[in-house]
Amino acid sequence: MNKGLKGGILAIVTMDKDKVTGGGCPVFLAVDQKEQEKLGLFLARILDGIVHDLENGVYFICRH
Amino acid sequence: MERYLVAIVVGIAAGFLDRLIMLRSDYRFYPTYPHGYLTHLALGFIAAGLGAVAIPAIAKPDYVAVTFLALAAQQFREIRSMERETLSKLEESKLIPRGPDYIEGIARVFEARNYLVILTAMASSAVAYWWRWEYAVIAALLCIVFSTKLMGGSYIGEIAQVEKGEIIFDGSILKVNDVIIMNVGLTETRKKIMREGMGIIIKPRDDNARLTLDAPGQRMAIIHDVVSILGSKVDVSETELRPLARKQADKGYLALFLVANEPDQEYFMEIVKRVPVIESTRGTALKSFFGRKAAD
């Protein structure tokens with residue numbers, strides 16, 4: 001039953017690789033905000049997920 | 001014509017008419033298929049027949065025939081599982097699901113309608129058998145009015161106040177007034193939501209209503225009904241614009257967010273007011289002693 005937002009992180013898109021550590025999901029590096037948005041959009045569409053913004057330059061894609 | 005024949009014919013006609021009137025295909029999109037109609041009309045006819053023969057059978061007297069009613073009740077329980085099964089199957093391919101609570105409610109209503117048909121048929125055939133068939137017509141009409149009243153149920157508009165809400169972005173957090181809905185990452189999506197999104201606030205009138213609106217099943221029903229009229233911009237694998245209902249945990253009211261194909265705030269609110277209160281999610285806190293004590 002779909003009560004709302006839940007699920008694991010499918011991918012991370014970041015401009016600052018020091019902000020992300022550990023493993024478990026692929027991390028994509030973007031050079032600027034524009035590329036980050038684009039990567040986020042593409043990955044979300046392909047992976048059936050939604051892009052979330054952690055507001056520290058890290059986006060992640062999550063399926064709900 | 002023989003007396004019992006008149007009674008049976010009048011009973012069947014009354015019951016069948018009752019079923020026909022109760023079979024409505026409205027904006028909730030159900031049942032939309034001619035076959036669905038036929039199934040329910042046929043079952044309604046059988047129910048009417050069962051109700052109509054009961055009184056002449058007792059009067060004859062043929063008590064064994066009356067035990068058939070018990071058998072019939074068993075049969076009509078099948079209707080509930082039939083509806084439940086169909087709707088649950090269809091649920092799998094829906095972008096915006098109805099939710100199990102709504103389905104259970106619909107299934108139960110379909111079952112109950114057949115019992116009302118039996119009652120209507122029985123009452124009118126009794127009147128036709130012991131008095132005159134002219135009086136039976138009046139009895140049938142009364143029964144039909146009674147059944148439609150009984151099947152009415154209550155609506156969100158009766159238990160809660162529906163108001164317009166403002167869509168705000170606090171950084172990446174989407175809010176309707178002060179209720180947090182979700183985190184939206186992409187700037188494009190945020191702009192689209194600001195342009196086309198609509199929000200409303202549903203304020204419960206009392207503690208019962210608050211509990212009803214708390215239930216995820218009721219929220220899904222609200223969203224489903226709204227989307228089945230106004231549409232939504234959700235697509236397969238594009239779920240960012242999914243309509244959501246979230247509550248203000250401290251104050252107990254609900255915020256609803258939607259990006260519709262028909263962005264009409266006025267009707268959005270009207271539709272929400274007309275969403276039925278789902279039987280299984282109905283809050284009953286105020287019926288209990290402690291519930292009433294805690295409420296004040």
# chains A, B, ... in the order shown; residues from 1 in each chain; ligands from 1
call {"tool": "interface_residues", "arguments": {"of": "chain A", "to": "chain B", "cutoff": "6 Å", "atoms": "only C-alpha atoms", "output": "list in words"}}
result
Arg45, Asp48, Ile50, Val51, His52 and Asp53 of chain A
call {"tool": "closest_atom_pairs", "arguments": {"of": "stretch 111-168 of chain B", "to": "stretch 47-55 of chain B", "cutoff": "12 Å", "atoms": "only C-alpha atoms", "output": "tab-separated table"}}
result
residue	atom	partner	partner_atom	distance
B:Glu111	CA	B:Ala47	CA	10.8
B:Ala112	CA	B:Ala47	CA	11.3
B:Arg113	CA	B:Ala47	CA	9.7
B:Asn114	CA	B:Ala47	CA	6.2
B:Tyr115	CA	B:Ala47	CA	7.5
B:Leu116	CA	B:Ala47	CA	9.1
B:Val117	CA	B:Ala48	CA	5.8
B:Ile118	CA	B:Gly51	CA	4.4
B:Leu119	CA	B:Gly51	CA	6.4
B:Thr120	CA	B:Gly51	CA	7.5
B:Ala121	CA	B:Gly51	CA	4.9
B:Met122	CA	B:Gly51	CA	4.5
B:Ala123	CA	B:Ala52	CA	8.1
B:Ser124	CA	B:Ala52	CA	7.8
B:Ser125	CA	B:Ala52	CA	5.5
B:Ala126	CA	B:Ile55	CA	5.7
B:Val127	CA	B:Ile55	CA	9.4
B:Ala128	CA	B:Ile55	CA	9.9
B:Tyr129	CA	B:Ile55	CA	7.8
B:Trp130	CA	B:Ile55	CA	9.6
B:Ala136	CA	B:Ala52	CA	11.8
B:Ala140	CA	B:Ala52	CA	11.7
call {"tool": "select_by_dssp", "arguments": {"residues": "chain A", "states": "strand (DSSP E or B)", "output": "PyMOL selection string"}}
result
chain A and resi 9-14+27-29+50-53+58-62
call {"tool": "atom_distance", "arguments": {"atom1": "atom CA of B:Leu286", "atom2": "atom CA of B:Ala209"}}
result
9.8 Å
call {"tool": "residues_around", "arguments": {"residues": "B:Glu104", "least_positions_apart": "6", "cutoff": "9 Å", "atoms": "only C-alpha atoms", "output": "ChimeraX atom specification"}}
result
/B:80,83-84,278-280
call {"tool": "closest_residue", "arguments": {"among": "B:Arg210, B:Gly15, B:Lys60, B:Val66", "to": "B:Gly44", "atoms": "only C-alpha atoms"}}
result
B:Gly15
call {"tool": "residues_around", "arguments": {"residues": "A:Gly49", "least_positions_apart": "2", "cutoff": "6 Å", "atoms": "only C-alpha atoms", "output": "list in words"}}
result
Ala44, Leu47, Ile61, Cys62 and Arg63 of chain A
call {"tool": "select_by_dssp", "arguments": {"residues": "stretch 39-197 of chain B", "states": "helix (DSSP H, G or I)", "output": "ChimeraX atom specification"}}
result
/B:39-59,63-66,68-91,100-130,133-150,156-159,187-196
call {"tool": "closest_residue", "arguments": {"among": "A:Met15, A:Val58, A:Leu10, A:Val20", "to": "A:Glu35", "atoms": "only C-alpha atoms"}}
result
A:Met15
call {"tool": "residues_around", "arguments": {"residues": "B:Leu20", "least_positions_apart": "4", "cutoff": "12 Å", "atoms": "only C-alpha atoms", "output": "PyMOL selection string"}}
result
chain B and resi 13-16+24-25+37-45+48+113-114+117+144+147-148
call {"tool": "atom_distance", "arguments": {"atom1": "atom CA of B:Val162", "atom2": "atom CA of B:Ile201"}}
result
5.9 Å
